Amino acid sequence: VVLTGGRPILYIERGGHSLLTFSQMPAADTEGTAELAHAARLLHDAVRSGAVGALTITRVNGSPVMEPGGPDQVKRALEAAGFGLTPRGYRVPR
């Protein structure tokens, strides 16, 4: 679970392939978008530091990340945090 301001924002399911967000944020919700971006950076940093094992995010909120029109806000947050898109999903580059 990734917390921002004491609130849960992201959850990585066992195996590191599925990411869940704790709230559905409308596109105009800049506070929610900022929290999501911050949580994605925290997750990236946790993987890079070794606190969290390697993961490849293939699903977000039950939808495949490779599907067009999927969870765009989450994809943008992951990319901005430094996750790289691979043919399987989003990974933290080594």
# chains A, B, ... in the order shown; residues from 1 in each chain; ligands from 1

$ residues_around --residues "A:Leu20" --least-positions-apart "2" --cutoff "8 Å" --atoms "only C-alpha atoms" --output "list in words"
Leu10, Tyr11, Ile12, Glu13, Ser18, Phe22, Val60, Asn61 and Gly62 of chain A

$ select_by_dssp --residues "chain A" --states "strand (DSSP E or B)" --output "number ranges by chain"
A: 2-4, 7-12, 18-21, 56-57, 59-60, 63-64, 84-85, 90-91

$ write_last_selection --atoms "N, CA, C and O atoms" --output "PDB file, in the first residue's frame"
ATOM      1  N   VAL A   2       0.567   2.184  -0.856  1.00  0.00           N
ATOM      2  CA  VAL A   2       1.287   3.453  -0.898  1.00  0.00           C
ATOM      3  C   VAL A   2       0.365   4.513  -0.321  1.00  0.00           C
ATOM      4  O   VAL A   2      -0.754   4.708  -0.798  1.00  0.00           O
ATOM      5  N   LEU A   3       0.859   5.179   0.729  1.00  0.00           N
ATOM      6  CA  LEU A   3       0.088   6.229   1.401  1.00  0.00           C
ATOM      7  C   LEU A   3       0.616   7.598   0.992  1.00  0.00           C
ATOM      8  O   LEU A   3       1.824   7.785   0.847  1.00  0.00           O
ATOM      9  N   THR A   4      -0.272   8.543   0.854  1.00  0.00           N
ATOM     10  CA  THR A   4       0.087   9.942   0.625  1.00  0.00           C
ATOM     11  C   THR A   4      -0.761  10.777   1.571  1.00  0.00           C
ATOM     12  O   THR A   4      -1.987  10.679   1.543  1.00  0.00           O
ATOM     13  N   ARG A   7      -3.301   8.865   3.597  1.00  0.00           N
ATOM     14  CA  ARG A   7      -4.412   8.194   2.898  1.00  0.00           C
ATOM     15  C   ARG A   7      -3.865   7.163   1.923  1.00  0.00           C
ATOM     16  O   ARG A   7      -2.878   7.425   1.231  1.00  0.00           O
ATOM     17  N   PRO A   8      -4.514   5.997   1.830  1.00  0.00           N
ATOM     18  CA  PRO A   8      -4.066   5.013   0.836  1.00  0.00           C
ATOM     19  C   PRO A   8      -4.407   5.504  -0.570  1.00  0.00           C
ATOM     20  O   PRO A   8      -5.513   5.961  -0.824  1.00  0.00           O
ATOM     21  N   ILE A   9      -3.416   5.415  -1.466  1.00  0.00           N
ATOM     22  CA  ILE A   9      -3.618   5.862  -2.839  1.00  0.00           C
ATOM     23  C   ILE A   9      -3.457   4.693  -3.812  1.00  0.00           C
ATOM     24  O   ILE A   9      -4.256   4.533  -4.725  1.00  0.00           O
ATOM     25  N   LEU A  10      -2.414   3.879  -3.604  1.00  0.00           N
ATOM     26  CA  LEU A  10      -2.147   2.751  -4.493  1.00  0.00           C
ATOM     27  C   LEU A  10      -1.985   1.461  -3.698  1.00  0.00           C
ATOM     28  O   LEU A  10      -1.540   1.488  -2.551  1.00  0.00           O
ATOM     29  N   TYR A  11      -2.312   0.357  -4.333  1.00  0.00           N
ATOM     30  CA  TYR A  11      -2.106  -0.967  -3.753  1.00  0.00           C
ATOM     31  C   TYR A  11      -1.578  -1.881  -4.848  1.00  0.00           C
ATOM     32  O   TYR A  11      -2.169  -1.968  -5.923  1.00  0.00           O
ATOM     33  N   ILE A  12      -0.454  -2.517  -4.588  1.00  0.00           N
ATOM     34  CA  ILE A  12       0.104  -3.500  -5.506  1.00  0.00           C
ATOM     35  C   ILE A  12      -0.290  -4.869  -4.998  1.00  0.00           C
ATOM     36  O   ILE A  12       0.035  -5.229  -3.865  1.00  0.00           O
ATOM     37  N   SER A  18      -0.599  -6.358 -10.638  1.00  0.00           N
ATOM     38  CA  SER A  18      -1.862  -5.629 -10.646  1.00  0.00           C
ATOM     39  C   SER A  18      -1.809  -4.465  -9.658  1.00  0.00           C
ATOM     40  O   SER A  18      -1.449  -4.644  -8.498  1.00  0.00           O
ATOM     41  N   LEU A  19      -2.153  -3.289 -10.148  1.00  0.00           N
ATOM     42  CA  LEU A  19      -2.164  -2.072  -9.350  1.00  0.00           C
ATOM     43  C   LEU A  19      -3.604  -1.609  -9.187  1.00  0.00           C
ATOM     44  O   LEU A  19      -4.358  -1.564 -10.159  1.00  0.00           O
ATOM     45  N   LEU A  20      -3.967  -1.295  -7.967  1.00  0.00           N
ATOM     46  CA  LEU A  20      -5.298  -0.755  -7.695  1.00  0.00           C
ATOM     47  C   LEU A  20      -5.156   0.651  -7.147  1.00  0.00           C
ATOM     48  O   LEU A  20      -4.241   0.940  -6.383  1.00  0.00           O
ATOM     49  N   THR A  21      -6.081   1.530  -7.544  1.00  0.00           N
ATOM     50  CA  THR A  21      -6.133   2.863  -6.957  1.00  0.00           C
ATOM     51  C   THR A  21      -7.324   2.886  -6.010  1.00  0.00           C
ATOM     52  O   THR A  21      -8.313   2.193  -6.229  1.00  0.00           O
ATOM     53  N   THR A  56       6.227  -5.798 -12.564  1.00  0.00           N
ATOM     54  CA  THR A  56       5.776  -5.369 -13.887  1.00  0.00           C
ATOM     55  C   THR A  56       4.271  -5.205 -13.796  1.00  0.00           C
ATOM     56  O   THR A  56       3.543  -6.179 -13.626  1.00  0.00           O
ATOM     57  N   ILE A  57       3.822  -3.976 -13.862  1.00  0.00           N
ATOM     58  CA  ILE A  57       2.393  -3.684 -13.730  1.00  0.00           C
ATOM     59  C   ILE A  57       1.721  -3.937 -15.073  1.00  0.00           C
ATOM     60  O   ILE A  57       1.980  -3.235 -16.046  1.00  0.00           O
ATOM     61  N   ARG A  59      -1.832  -4.709 -15.110  1.00  0.00           N
ATOM     62  CA  ARG A  59      -3.251  -4.341 -14.972  1.00  0.00           C
ATOM     63  C   ARG A  59      -3.374  -3.190 -13.972  1.00  0.00           C
ATOM     64  O   ARG A  59      -2.690  -3.172 -12.962  1.00  0.00           O
ATOM     65  N   VAL A  60      -4.290  -2.285 -14.264  1.00  0.00           N
ATOM     66  CA  VAL A  60      -4.614  -1.190 -13.346  1.00  0.00           C
ATOM     67  C   VAL A  60      -6.121  -1.190 -13.164  1.00  0.00           C
ATOM     68  O   VAL A  60      -6.871  -1.098 -14.143  1.00  0.00           O
ATOM     69  N   SER A  63      -8.072  -3.418 -15.507  1.00  0.00           N
ATOM     70  CA  SER A  63      -7.942  -3.243 -16.953  1.00  0.00           C
ATOM     71  C   SER A  63      -6.491  -3.439 -17.386  1.00  0.00           C
ATOM     72  O   SER A  63      -5.582  -2.931 -16.724  1.00  0.00           O
ATOM     73  N   PRO A  64      -6.266  -4.129 -18.498  1.00  0.00           N
ATOM     74  CA  PRO A  64      -4.895  -4.271 -18.998  1.00  0.00           C
ATOM     75  C   PRO A  64      -4.303  -2.913 -19.356  1.00  0.00           C
ATOM     76  O   PRO A  64      -4.964  -2.092 -20.000  1.00  0.00           O
ATOM     77  N   GLY A  84       9.027   2.545 -16.989  1.00  0.00           N
ATOM     78  CA  GLY A  84       9.170   2.395 -18.431  1.00  0.00           C
ATOM     79  C   GLY A  84       8.134   1.426 -18.964  1.00  0.00           C
ATOM     80  O   GLY A  84       7.802   0.435 -18.313  1.00  0.00           O
ATOM     81  N   LEU A  85       7.620   1.704 -20.141  1.00  0.00           N
ATOM     82  CA  LEU A  85       6.645   0.832 -20.767  1.00  0.00           C
ATOM     83  C   LEU A  85       7.383  -0.252 -21.536  1.00  0.00           C
ATOM     84  O   LEU A  85       8.243   0.039 -22.368  1.00  0.00           O
ATOM     85  N   TYR A  90       4.277  -1.875 -17.292  1.00  0.00           N
ATOM     86  CA  TYR A  90       5.157  -0.833 -16.746  1.00  0.00           C
ATOM     87  C   TYR A  90       6.141  -1.431 -15.751  1.00  0.00           C
ATOM     88  O   TYR A  90       5.761  -2.131 -14.829  1.00  0.00           O
ATOM     89  N   ARG A  91       7.441  -1.126 -15.956  1.00  0.00           N
ATOM     90  CA  ARG A  91       8.518  -1.589 -15.073  1.00  0.00           C
ATOM     91  C   ARG A  91       9.382  -0.419 -14.660  1.00  0.00           C
ATOM     92  O   ARG A  91       9.493   0.562 -15.376  1.00  0.00           O
TER      93      ARG A  91
END

$ select_by_dssp --residues "chain A" --states "helix (DSSP H, G or I)" --output "ChimeraX atom specification"
/A:30-49,72-81

$ atom_distance --atom1 "atom CA of A:Gly15" --atom2 "atom CA of A:Leu55"
7.4 Å

$ residues_around --residues "A:Asp45" --least-positions-apart "2" --cutoff "12 Å" --atoms "only C-alpha atoms" --output "list of chain:residue names"
A:Val2, A:His38, A:Ala39, A:Ala40, A:Arg41, A:Leu42, A:Leu43, A:Val47, A:Arg48, A:Ser49, A:Gly50, A:Ala51, A:Val52, A:Gly53, A:Ala54, A:Leu78, A:Ala81, A:Gly82, A:Phe83, A:Val92, A:Pro93, A:Arg94

$ write_last_selection --atoms "C-alpha atoms" --output "PDB file, in the first residue's frame"
ATOM      1  CA  VAL A   2       1.287   3.453  -0.898  1.00  0.00           C
ATOM      2  CA  HIS A  38       3.350  11.459  -5.722  1.00  0.00           C
ATOM      3  CA  ALA A  39       2.304   7.894  -4.865  1.00  0.00           C
ATOM      4  CA  ALA A  40       3.715   6.629  -8.188  1.00  0.00           C
ATOM      5  CA  ARG A  41       7.049   8.326  -7.406  1.00  0.00           C
ATOM      6  CA  LEU A  42       7.087   6.736  -3.941  1.00  0.00           C
ATOM      7  CA  LEU A  43       6.456   3.311  -5.482  1.00  0.00           C
ATOM      8  CA  VAL A  47      11.513  -0.483  -6.103  1.00  0.00           C
ATOM      9  CA  ARG A  48      14.771   1.317  -6.968  1.00  0.00           C
ATOM     10  CA  SER A  49      15.954   1.210  -3.351  1.00  0.00           C
ATOM     11  CA  GLY A  50      15.185  -2.505  -3.052  1.00  0.00           C
ATOM     12  CA  ALA A  51      12.497  -2.015  -0.390  1.00  0.00           C
ATOM     13  CA  VAL A  52      10.027  -3.538  -2.863  1.00  0.00           C
ATOM     14  CA  GLY A  53      10.944  -6.319  -5.264  1.00  0.00           C
ATOM     15  CA  ALA A  54      10.859  -6.003  -9.030  1.00  0.00           C
ATOM     16  CA  LEU A  78       3.645   5.931 -13.780  1.00  0.00           C
ATOM     17  CA  ALA A  81       7.522   8.742 -12.022  1.00  0.00           C
ATOM     18  CA  GLY A  82      10.047   6.915 -14.198  1.00  0.00           C
ATOM     19  CA  PHE A  83       8.316   3.630 -14.960  1.00  0.00           C
ATOM     20  CA  VAL A  92      11.058   0.374 -13.112  1.00  0.00           C
ATOM     21  CA  PRO A  93      14.217   0.412 -15.262  1.00  0.00           C
ATOM     22  CA  ARG A  94      17.336  -1.049 -13.686  1.00  0.00           C
TER      23      ARG A  94
END

$ closest_residue --among "A:Ala80, A:Gly6, A:Val1, A:Glu67" --to "A:Thr33" --atoms "only C-alpha atoms"
A:Ala80

$ atom_distance --atom1 "atom CA of A:Pro68" --atom2 "atom CA of A:Arg14"
24.9 Å

$ decode --residues "stretch 24-82 of chain A" --atoms "C-alpha atoms" --output "compact mmCIF listing (two decimals), in the first residue's frame"
# COMPACT_ATOMS: atom_id res chain seq x y z
CA GLN A 24 -11.58 7.21 -9.06
CA MET A 25 -10.42 10.73 -9.79
CA PRO A 26 -12.12 12.84 -12.42
CA ALA A 27 -9.78 14.29 -15.06
CA ALA A 28 -10.18 17.81 -13.62
CA ASP A 29 -9.25 16.75 -10.06
CA THR A 30 -5.79 18.31 -9.80
CA GLU A 31 -5.38 17.42 -6.10
CA GLY A 32 -6.14 13.77 -6.82
CA THR A 33 -3.81 13.80 -9.82
CA ALA A 34 -1.01 15.26 -7.69
CA GLU A 35 -1.54 12.58 -5.02
CA LEU A 36 -1.49 9.87 -7.66
CA ALA A 37 1.73 11.24 -9.16
CA HIS A 38 3.35 11.46 -5.72
CA ALA A 39 2.30 7.89 -4.86
CA ALA A 40 3.71 6.63 -8.19
CA ARG A 41 7.05 8.33 -7.41
CA LEU A 42 7.09 6.74 -3.94
CA LEU A 43 6.46 3.31 -5.48
CA HIS A 44 9.19 3.87 -8.08
CA ASP A 45 11.66 4.90 -5.36
CA ALA A 46 10.75 1.87 -3.22
CA VAL A 47 11.51 -0.48 -6.10
CA ARG A 48 14.77 1.32 -6.97
CA SER A 49 15.95 1.21 -3.35
CA GLY A 50 15.19 -2.50 -3.05
CA ALA A 51 12.50 -2.01 -0.39
CA VAL A 52 10.03 -3.54 -2.86
CA GLY A 53 10.94 -6.32 -5.26
CA ALA A 54 10.86 -6.00 -9.03
CA LEU A 55 7.41 -5.65 -10.50
CA THR A 56 5.78 -5.37 -13.89
CA ILE A 57 2.39 -3.68 -13.73
CA THR A 58 0.18 -5.32 -16.34
CA ARG A 59 -3.25 -4.34 -14.97
CA VAL A 60 -4.61 -1.19 -13.35
CA ASN A 61 -7.99 -1.39 -11.60
CA GLY A 62 -8.66 -4.63 -13.47
CA SER A 63 -7.94 -3.24 -16.95
CA PRO A 64 -4.90 -4.27 -19.00
CA VAL A 65 -2.44 -1.37 -19.23
CA MET A 66 -1.69 -2.22 -22.85
CA GLU A 67 -5.33 -1.69 -23.83
CA PRO A 68 -5.96 1.63 -25.62
CA GLY A 69 -8.01 4.08 -23.59
CA GLY A 70 -7.25 2.30 -20.34
CA PRO A 71 -6.48 4.07 -17.06
CA ASP A 72 -4.78 7.07 -18.69
CA GLN A 73 -4.31 9.12 -15.51
CA VAL A 74 -2.51 6.23 -13.84
CA LYS A 75 -0.41 5.53 -16.94
CA ARG A 76 0.70 9.17 -17.08
CA ALA A 77 1.58 9.11 -13.37
CA LEU A 78 3.65 5.93 -13.78
CA GLU A 79 5.49 7.31 -16.80
CA ALA A 80 6.19 10.63 -15.06
CA ALA A 81 7.52 8.74 -12.02
CA GLY A 82 10.05 6.92 -14.20
